[in-house]
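Text of run.tsv, listed as TSV, C-alpha atoms and all ligand atoms:
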```tsv
chain	number	residue	atom	x	y	z
A	1	MET	CA	0.00	0.00	0.00
A	2	PRO	CA	1.67	3.30	-1.07
A	3	LYS	CA	2.30	5.54	1.93
A	4	LEU	CA	1.77	8.96	0.34
A	5	THR	CA	-1.29	8.54	-1.88
A	6	GLY	CA	-3.33	11.75	-2.06
A	7	LYS	CA	-0.49	13.94	-0.82
A	8	THR	CA	1.23	16.75	-2.74
A	9	ALA	CA	4.88	17.37	-1.89
A	10	LEU	CA	7.42	20.02	-2.85
A	11	VAL	CA	11.14	19.22	-2.61
A	12	THR	CA	13.84	21.89	-2.91
A	13	GLY	CA	17.24	21.26	-4.50
A	14	ALA	CA	15.77	18.16	-6.14
A	15	ALA	CA	17.61	18.22	-9.48
A	16	ARG	CA	20.12	15.69	-8.16
A	17	GLY	CA	21.52	13.97	-5.08
A	18	ILE	CA	19.43	13.49	-1.95
A	19	GLY	CA	16.64	15.81	-3.16
A	20	ALA	CA	16.19	13.83	-6.39
A	21	ALA	CA	16.12	10.56	-4.42
A	22	ILE	CA	13.47	11.95	-2.06
A	23	ALA	CA	11.37	13.18	-5.00
A	24	ARG	CA	11.62	9.77	-6.67
A	25	ALA	CA	10.72	7.90	-3.48
A	26	PHE	CA	7.70	10.18	-2.92
A	27	VAL	CA	6.45	9.52	-6.48
A	28	ASN	CA	6.91	5.78	-5.91
A	29	GLU	CA	4.77	6.08	-2.77
A	30	GLY	CA	1.92	7.70	-4.71
A	31	ALA	CA	2.53	11.43	-4.06
A	32	GLU	CA	2.15	14.27	-6.55
A	33	VAL	CA	5.61	15.83	-6.49
A	34	ILE	CA	6.94	19.28	-7.37
A	35	VAL	CA	10.67	19.13	-8.06
A	36	THR	CA	12.32	22.53	-7.54
A	37	ASP	CA	15.89	23.72	-8.05
A	38	ILE	CA	17.96	26.64	-9.41
A	39	ASN	CA	19.33	24.17	-11.94
A	40	VAL	CA	16.54	24.37	-14.53
A	41	GLU	CA	17.92	21.83	-16.97
A	42	GLY	CA	18.74	19.24	-14.31
A	43	GLY	CA	15.53	19.84	-12.38
A	44	GLN	CA	13.37	19.48	-15.48
A	45	ALA	CA	15.22	16.29	-16.47
A	46	THR	CA	14.69	14.75	-13.02
A	47	ALA	CA	11.02	15.74	-13.00
A	48	ASP	CA	10.48	14.25	-16.47
A	49	GLU	CA	12.26	11.04	-15.49
A	50	ILE	CA	10.25	10.38	-12.33
A	51	GLY	CA	6.89	11.78	-13.43
A	52	ALA	CA	6.86	15.00	-11.40
A	53	THR	CA	6.27	18.70	-12.11
A	54	PHE	CA	9.25	21.08	-12.22
A	55	ALA	CA	9.36	24.67	-10.99
A	56	ARG	CA	12.43	26.88	-10.75
A	57	LEU	CA	13.10	28.02	-7.18
A	58	ASP	CA	16.14	29.70	-5.67
A	59	VAL	CA	15.45	29.01	-2.00
A	60	ALA	CA	17.35	32.13	-0.93
A	61	SER	CA	15.00	34.37	-2.91
A	62	GLU	CA	11.87	35.61	-1.14
A	63	ALA	CA	10.42	36.64	-4.53
A	64	ASP	CA	10.86	33.10	-5.84
A	65	TRP	CA	8.99	31.70	-2.81
A	66	THR	CA	6.18	34.21	-3.38
A	67	ALA	CA	5.86	33.00	-6.97
A	68	ILE	CA	5.82	29.37	-5.77
A	69	ALA	CA	3.10	30.20	-3.22
A	70	GLU	CA	0.96	31.73	-5.95
A	71	LYS	CA	1.41	28.68	-8.17
A	72	PHE	CA	1.06	26.05	-5.42
A	73	PRO	CA	-1.05	27.58	-2.64
A	74	THR	CA	-1.78	24.31	-0.81
A	75	LEU	CA	0.53	21.42	-0.01
A	76	ASP	CA	0.86	18.42	2.31
A	77	VAL	CA	4.64	17.98	2.46
A	78	VAL	CA	7.58	20.35	2.04
A	79	VAL	CA	11.18	19.13	2.11
A	80	ASN	CA	13.74	21.88	2.63
A	81	ASN	CA	16.68	20.03	1.12
A	82	ALA	CA	18.65	22.56	-0.98
A	83	GLY	CA	22.00	23.23	0.65
A	84	VAL	CA	25.55	24.34	-0.09
A	85	THR	CA	28.87	24.07	1.72
A	86	GLY	CA	30.43	27.09	0.00
A	87	LEU	CA	33.20	24.82	-1.30
A	88	GLU	CA	31.42	23.59	-4.44
A	89	GLY	CA	33.37	25.67	-6.91
A	90	PRO	CA	34.58	25.90	-9.57
A	91	PHE	CA	36.73	28.79	-8.36
A	92	ASP	CA	39.14	30.98	-10.35
A	93	GLY	CA	41.86	30.59	-7.74
A	94	PRO	CA	42.10	28.45	-4.59
A	95	PRO	CA	38.81	27.67	-2.79
A	96	PRO	CA	37.71	30.28	-0.24
A	97	ALA	CA	38.66	29.79	3.40
A	98	HIS	CA	35.80	28.45	5.53
A	99	ASP	CA	37.65	28.22	8.84
A	100	PRO	CA	36.74	30.52	11.76
A	101	GLU	CA	39.95	32.57	11.51
A	102	ASN	CA	40.05	33.32	7.79
A	103	ALA	CA	36.52	33.01	6.38
A	104	GLN	CA	35.18	36.14	4.66
A	105	LEU	CA	31.90	37.61	5.86
A	106	ALA	CA	30.46	37.50	2.33
A	107	ASP	CA	31.19	33.74	2.07
A	108	TRP	CA	29.66	33.17	5.52
A	109	HIS	CA	26.52	35.07	4.46
A	110	ALA	CA	26.25	33.27	1.11
A	111	VAL	CA	26.10	29.86	2.77
A	112	HIS	CA	23.57	31.02	5.37
A	113	ALA	CA	21.43	32.63	2.63
A	114	VAL	CA	20.84	29.28	0.95
A	115	ASN	CA	20.85	26.91	3.92
A	116	LEU	CA	19.23	28.96	6.66
A	117	ASP	CA	17.26	31.73	4.92
A	118	GLY	CA	16.11	29.09	2.45
A	119	THR	CA	14.85	26.86	5.24
A	120	PHE	CA	13.19	29.75	7.08
A	121	LEU	CA	11.39	30.84	3.88
A	122	GLY	CA	10.48	27.23	3.06
A	123	CYS	CA	9.00	26.62	6.53
A	124	ARG	CA	7.05	29.90	6.40
A	125	TYR	CA	5.62	28.98	3.00
A	126	ALA	CA	4.83	25.47	4.20
A	127	ILE	CA	2.89	26.56	7.28
A	128	ARG	CA	0.80	28.96	5.18
A	129	ALA	CA	0.22	26.31	2.48
A	130	MET	CA	-0.82	23.71	5.09
A	131	ARG	CA	-2.88	25.97	7.40
A	132	GLU	CA	-6.20	25.53	5.60
A	133	LYS	CA	-6.08	21.73	5.89
A	134	GLY	CA	-4.55	22.13	9.34
A	135	ALA	CA	-2.15	19.28	8.66
A	136	GLY	CA	1.10	18.49	6.91
A	137	SER	CA	4.73	17.49	7.27
A	138	ILE	CA	7.77	19.75	6.98
A	139	ILE	CA	11.10	17.97	6.66
A	140	ASN	CA	14.30	19.97	7.02
A	141	ILE	CA	17.54	18.43	5.80
A	142	SER	CA	20.19	19.44	8.31
A	143	SER	CA	23.39	17.42	8.68
A	144	ARG	CA	25.71	15.69	11.07
A	145	SER	CA	27.49	19.05	10.76
A	146	GLY	CA	24.53	20.64	12.56
A	147	LEU	CA	25.29	18.57	15.64
A	148	VAL	CA	29.09	18.79	15.89
A	149	GLY	CA	31.70	21.42	15.02
A	150	ILE	CA	33.29	21.40	11.57
A	151	PRO	CA	36.42	23.58	11.73
A	152	MET	CA	36.96	23.92	7.97
A	153	ALA	CA	33.30	24.53	7.05
A	154	VAL	CA	32.08	26.84	9.79
A	155	ALA	CA	29.29	28.58	7.86
A	156	TYR	CA	27.92	25.22	6.77
A	157	ALA	CA	28.02	23.86	10.33
A	158	SER	CA	26.48	27.02	11.80
A	159	SER	CA	23.66	27.09	9.26
A	160	LYS	CA	22.91	23.39	9.74
A	161	ALA	CA	22.84	23.80	13.54
A	162	ALA	CA	20.40	26.69	13.12
A	163	ILE	CA	18.20	24.52	10.88
A	164	ARG	CA	18.03	21.93	13.67
A	165	ASN	CA	16.87	24.54	16.14
A	166	HIS	CA	14.47	26.28	13.75
A	167	THR	CA	12.85	22.90	13.12
A	168	LYS	CA	12.00	22.64	16.82
A	169	SER	CA	10.64	26.22	16.93
A	170	VAL	CA	8.40	25.49	13.94
A	171	ALA	CA	7.23	22.22	15.52
A	172	LEU	CA	6.32	23.97	18.78
A	173	TYR	CA	4.69	26.90	17.00
A	174	CYS	CA	2.44	24.64	14.90
A	175	ALA	CA	1.48	22.42	17.85
A	176	GLY	CA	0.78	25.56	19.88
A	177	GLN	CA	-1.57	26.76	17.15
A	178	SER	CA	-3.42	23.40	17.32
A	179	LEU	CA	-2.23	22.65	13.81
A	180	ASN	CA	-1.36	19.07	12.94
A	181	ILE	CA	1.66	20.34	11.00
A	182	ARG	CA	4.71	18.34	12.02
A	183	CYS	CA	8.28	19.55	11.50
A	184	ASN	CA	11.31	17.29	11.85
A	185	SER	CA	14.96	17.36	10.82
A	186	ILE	CA	17.10	14.70	9.17
A	187	HIS	CA	20.84	14.69	9.84
A	188	PRO	CA	22.69	12.77	7.13
A	189	ALA	CA	26.44	12.28	6.92
A	190	ALA	CA	28.66	10.90	4.18
A	191	ILE	CA	25.94	10.26	1.61
A	192	MET	CA	27.39	9.60	-1.84
A	193	THR	CA	26.08	12.47	-3.99
A	194	PRO	CA	27.66	14.92	-6.46
A	195	MET	CA	28.34	17.19	-3.44
A	196	TRP	CA	31.37	14.99	-2.69
A	197	GLU	CA	32.84	15.09	-6.19
A	198	PRO	CA	35.19	18.09	-5.65
A	199	MET	CA	36.63	16.31	-2.56
A	200	LEU	CA	36.91	12.85	-4.16
A	201	GLY	CA	38.27	14.03	-7.49
A	202	THR	CA	39.18	11.67	-10.28
A	203	GLY	CA	42.26	9.58	-10.86
A	204	PRO	CA	43.79	6.43	-9.43
A	205	ASP	CA	43.69	7.48	-5.77
A	206	ARG	CA	39.95	8.21	-5.77
A	207	ALA	CA	39.07	4.86	-4.15
A	208	GLU	CA	41.73	5.42	-1.51
A	209	ARG	CA	40.38	8.89	-0.74
A	210	GLU	CA	36.86	7.50	-0.55
A	211	ALA	CA	37.94	4.79	1.93
A	212	ALA	CA	39.83	7.36	4.02
A	213	MET	CA	36.75	9.58	4.22
A	214	VAL	CA	34.66	6.83	5.80
A	215	ALA	CA	37.44	5.29	7.89
A	216	ASP	CA	35.89	6.83	11.03
A	217	THR	CA	32.34	5.88	10.05
A	218	PRO	CA	31.36	2.83	12.14
A	219	MET	CA	29.62	1.21	9.13
A	220	ARG	CA	32.76	1.92	6.99
A	221	ARG	CA	30.91	3.03	3.88
A	222	PHE	CA	29.15	6.00	2.32
A	223	GLY	CA	25.37	6.06	2.57
A	224	GLU	CA	23.12	6.12	-0.49
A	225	PRO	CA	20.68	8.97	-1.22
A	226	GLU	CA	17.89	6.37	-1.17
A	227	GLU	CA	18.75	5.60	2.46
A	228	VAL	CA	17.95	9.21	3.35
A	229	ALA	CA	14.87	9.23	1.10
A	230	ALA	CA	13.40	6.26	3.00
A	231	ILE	CA	13.48	8.30	6.23
A	232	ALA	CA	11.88	11.27	4.44
A	233	VAL	CA	9.06	8.95	3.29
A	234	LEU	CA	8.51	7.88	6.89
A	235	LEU	CA	8.36	11.49	8.15
A	236	ALA	CA	6.08	12.55	5.28
A	237	SER	CA	3.67	9.68	5.93
A	238	ASP	CA	0.99	9.28	8.56
A	239	ASP	CA	3.14	6.56	10.15
A	240	ALA	CA	5.03	9.43	11.79
A	241	ALA	CA	1.82	11.09	13.04
A	242	TYR	CA	3.16	11.53	16.60
A	243	MET	CA	6.64	12.75	15.60
A	244	THR	CA	7.37	16.47	15.63
A	245	GLY	CA	10.46	18.44	16.59
A	246	ALA	CA	12.53	15.27	16.26
A	247	GLU	CA	16.01	14.91	14.78
A	248	LEU	CA	16.93	11.72	12.96
A	249	THR	CA	20.54	10.85	12.16
A	250	VAL	CA	21.29	8.84	9.00
A	251	ASP	CA	25.04	8.58	9.33
A	252	GLY	CA	26.27	4.98	9.49
A	253	GLY	CA	26.67	5.38	13.25
A	254	ILE	CA	29.08	8.34	13.29
A	255	LEU	CA	27.23	10.21	16.01
A	256	ALA	CA	26.62	7.11	18.11
A	257	GLY	CA	30.08	7.44	19.57
A	258	SER	CA	33.22	9.48	19.25
A	259	ALA	CA	36.95	9.07	18.77
A	260	ALA	CA	37.13	8.97	22.56
A	261	THR	CA	34.75	6.02	22.89
A	262	PRO	CA	36.47	3.51	25.21
A	263	GLY	CA	37.70	0.48	23.32
A	264	SER	CA	37.64	2.18	19.93
B	1	LIG	N1	25.73	14.35	0.72
B	1	LIG	C1	26.01	14.35	2.01
B	1	LIG	O1	26.91	13.64	2.49
B	1	LIG	C2	25.22	15.23	2.94
B	1	LIG	C3	25.49	15.12	4.32
B	1	LIG	C4	24.78	15.92	5.20
B	1	LIG	C5	23.82	16.79	4.74
B	1	LIG	N2	23.59	16.88	3.39
B	1	LIG	C6	22.57	17.85	2.97
B	1	LIG	O2	21.64	17.24	2.09
B	1	LIG	C7	21.16	18.22	1.18
B	1	LIG	C8	21.35	17.71	-0.24
B	1	LIG	O3	22.72	17.45	-0.44
B	1	LIG	P1	23.31	16.67	-1.70
B	1	LIG	O4	24.46	15.90	-1.21
B	1	LIG	O5	22.22	16.00	-2.43
B	1	LIG	O6	23.88	17.92	-2.52
B	1	LIG	P2	24.02	18.18	-4.09
B	1	LIG	O7	25.04	19.25	-4.21
B	1	LIG	O8	24.22	16.91	-4.83
B	1	LIG	O9	22.58	18.76	-4.50
B	1	LIG	C9	22.16	20.00	-4.02
B	1	LIG	C10	21.10	20.54	-4.95
B	1	LIG	O10	20.68	21.82	-4.42
B	1	LIG	C11	20.59	22.73	-5.50
B	1	LIG	N3	20.76	24.10	-5.01
B	1	LIG	C12	21.91	24.72	-4.63
B	1	LIG	N4	21.64	25.99	-4.29
B	1	LIG	C13	20.31	26.17	-4.43
B	1	LIG	C14	19.44	27.26	-4.23
B	1	LIG	N5	19.90	28.46	-3.83
B	1	LIG	N6	18.12	27.09	-4.47
B	1	LIG	C15	17.65	25.89	-4.90
B	1	LIG	N7	18.42	24.83	-5.13
B	1	LIG	C16	19.74	24.96	-4.90
B	1	LIG	C17	21.68	22.31	-6.48
B	1	LIG	O11	21.43	22.82	-7.78
B	1	LIG	C18	21.60	20.79	-6.39
B	1	LIG	O12	20.68	20.26	-7.31
B	1	LIG	C19	21.93	19.50	1.48
B	1	LIG	O13	21.17	20.32	2.32
B	1	LIG	C20	23.16	19.00	2.20
B	1	LIG	O14	23.72	19.97	3.04
B	1	LIG	C21	24.27	16.13	2.49
```

Show me this structure written as structure tokens.
Amino acid sequence: MPKLTGKTALVTGAARGIGAAIARAFVNEGAEVIVTDINVEGGQATADEIGATFARLDVASEADWTAIAEKFPTLDVVVNNAGVTGLEGPFDGPPPAHDPENAQLADWHAVHAVNLDGTFLGCRYAIRAMREKGAGSIINISSRSGLVGIPMAVAYASSKAAIRNHTKSVALYCAGQSLNIRCNSIHPAAIMTPMWEPMLGTGPDRAEREAAMVADTPMRRFGEPEEVAAIAVLLASDDAAYMTGAELTVDGGILAGSAATPGS
């Protein structure tokens, strides 16, 4: 029995990676899906492939969200997935510093504009689009980096930590308004998507680099986008009817322990 029949869902940053996997899983579970992205070509291709509708949306743009609200005034599920590290490139010179001593304010703001402003605007839109029915599910894609410090990607870590907290504020606000609008965060880590490509590179030592990157992951492998999508399906469905303000890690066990765990 499909879990999302009769529901309409919008997913941001769904041209590729985790967002595309979530959109595909939602379609497979019977939902009507709106794939959104700034990448028009990629977003349209994904939507065509999975049988969804595409709409261009830069999550950092309030005007874009207003246009989306006019086009899709009611919804059941919103997934705020679009996110950047600030290290995607390509860059003319060396990549910008993202450590706390050398990062530029403009680079810090640019990452927060997409990750945090985008999630704030997406949650605001979602509550308004779900208010009439008085029910819905908002899923915010945070990160392992929202739960621990990341010294070389401080804007990313800060924005993801703020997403975790905003999720709980939204959950409490909706419950306080007697709305059955649930809001939860997912915290993936090391999921094999194009986001990792600049760090993995090409060439003979790619496999070695890949293994080194998951050496500290208890399950010793990267996760698949579909393994995050399955959790998004759960949160979007009525099976998660009593879950709000929760944070779910999908990280191969990374956050279950630490380097200081006795016996490790
Ligand atoms: N891959 C991982 O290991 C991992 C780990 C933790 C968290 N995450 C989070 O999961 C989410 C998806 O990551 P991914 O690995 O699939 O990344 P990805 O880079 O493969 O895909 C991100 C998508 O977001 C889109 N995007 C970028 N800026 C946008 C904007 N301003 N408006 C709309 N769309 C925009 C891109 O065009 C792209 O299609 C992100 O929020 C990321 O931080 C990923």

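CA of Val79 in chain A is positioned 13.1 Å from CA of Ala31 in chain A.
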
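Interatomic distance, CA of Ala171 in chain A against CA of Thr53 in chain A: 27.9 Å.
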
Residues within 9 Å of range 107-122 of chain A, all atoms listed in the file, excluding chain neighbours under 5 positions, as a VMD selection string: chain A and resid 12 58 to 62 65 78 to 86 96 to 98 127 138 140 to 142 154 to 156 158 to 160 162 to 163 166

Take the residues from that selection and write them out as a PDB file, in the coordinates of the input, keeping C-alpha atoms.
```pdb
ATOM      1  CA  THR A  12      13.840  21.890  -2.910  1.00  0.00           C
ATOM      2  CA  ASP A  58      16.140  29.700  -5.670  1.00  0.00           C
ATOM      3  CA  VAL A  59      15.450  29.010  -2.000  1.00  0.00           C
ATOM      4  CA  ALA A  60      17.350  32.130  -0.930  1.00  0.00           C
ATOM      5  CA  SER A  61      15.000  34.370  -2.910  1.00  0.00           C
ATOM      6  CA  GLU A  62      11.870  35.610  -1.140  1.00  0.00           C
ATOM      7  CA  TRP A  65       8.990  31.700  -2.810  1.00  0.00           C
ATOM      8  CA  VAL A  78       7.580  20.350   2.040  1.00  0.00           C
ATOM      9  CA  VAL A  79      11.180  19.130   2.110  1.00  0.00           C
ATOM     10  CA  ASN A  80      13.740  21.880   2.630  1.00  0.00           C
ATOM     11  CA  ASN A  81      16.680  20.030   1.120  1.00  0.00           C
ATOM     12  CA  ALA A  82      18.650  22.560  -0.980  1.00  0.00           C
ATOM     13  CA  GLY A  83      22.000  23.230   0.650  1.00  0.00           C
ATOM     14  CA  VAL A  84      25.550  24.340  -0.090  1.00  0.00           C
ATOM     15  CA  THR A  85      28.870  24.070   1.720  1.00  0.00           C
ATOM     16  CA  GLY A  86      30.430  27.090   0.000  1.00  0.00           C
ATOM     17  CA  PRO A  96      37.710  30.280  -0.240  1.00  0.00           C
ATOM     18  CA  ALA A  97      38.660  29.790   3.400  1.00  0.00           C
ATOM     19  CA  HIS A  98      35.800  28.450   5.530  1.00  0.00           C
ATOM     20  CA  ILE A 127       2.890  26.560   7.280  1.00  0.00           C
ATOM     21  CA  ILE A 138       7.770  19.750   6.980  1.00  0.00           C
ATOM     22  CA  ASN A 140      14.300  19.970   7.020  1.00  0.00           C
ATOM     23  CA  ILE A 141      17.540  18.430   5.800  1.00  0.00           C
ATOM     24  CA  SER A 142      20.190  19.440   8.310  1.00  0.00           C
ATOM     25  CA  VAL A 154      32.080  26.840   9.790  1.00  0.00           C
ATOM     26  CA  ALA A 155      29.290  28.580   7.860  1.00  0.00           C
ATOM     27  CA  TYR A 156      27.920  25.220   6.770  1.00  0.00           C
ATOM     28  CA  SER A 158      26.480  27.020  11.800  1.00  0.00           C
ATOM     29  CA  SER A 159      23.660  27.090   9.260  1.00  0.00           C
ATOM     30  CA  LYS A 160      22.910  23.390   9.740  1.00  0.00           C
ATOM     31  CA  ALA A 162      20.400  26.690  13.120  1.00  0.00           C
ATOM     32  CA  ILE A 163      18.200  24.520  10.880  1.00  0.00           C
ATOM     33  CA  HIS A 166      14.470  26.280  13.750  1.00  0.00           C
TER      34      HIS A 166
END
```

Once 4 Å is added on each side, what centre and edge lengths in Å to one decimal does the axis-aligned box around all listed atoms of range 174-192 of chain A have, as lines of an AutoDock Vina configuration file?
```
center_x = 12.6
center_y = 18.2
center_z = 9.0
size_x = 40.1
size_y = 25.2
size_z = 29.7
```

Polymer residues at most 12 Å from Met213 in chain A, only C-alpha atoms, same-chain spacing of 2 or more positions, as an MDAnalysis selection string: chainID A and resid 189:192 196 199:200 206:211 215:218 220:222 254

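With only C-alpha atoms and all ligand atoms as the atoms that count, the minimum distance from ligand LIG 1 (chain B) to the choices A:Gly134, A:Gly30, A:Gly257, A:Gly13 is reached by A:Gly13.
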
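Shortest atom-to-atom contact with Ile22 in chain A among A:Ala157, A:Ile181, A:Ala69, A:Ala229: A:Ala229, counting only C-alpha atoms.
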
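Put simply, CA of Cys174 in chain A is 12.7 Å away from CA of Lys133 in chain A.
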
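Among the candidates A:Gly146, A:Pro262, A:Gly17, A:Gly43, the one nearest to Glu226 in chain A when counting all atoms listed in the file is A:Gly17.
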
Thr8 in chain A surroundings by only C-alpha atoms, 9 Å radius, close-in-sequence under 4 positions cut, as an MDAnalysis selection string: chainID A and resid 4 31:34 74:78

Residue nearest Ala9 in chain A among A:Pro188, A:Pro90, A:Gly203, A:Gly136 (counting all atoms listed in the file): A:Gly136

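Between ligand LIG 1 (chain B) and the residues A:Leu255, A:Met195, A:Val40, A:Ile50, the shortest atom-to-atom distance, using all atoms listed in the file, involves A:Met195.
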
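Nearest residue to ligand LIG 1 (chain B) among A:Arg16, A:Lys71, A:Arg24, A:Arg131 is A:Arg16, counting only C-alpha atoms and all ligand atoms.
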
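Non-sequential neighbours of Ala23 in chain A (distance at most 7 Å, separation of 6 or more positions within a chain, only C-alpha atoms) are Val11, Ala14, Val33 and Val35 of chain A.
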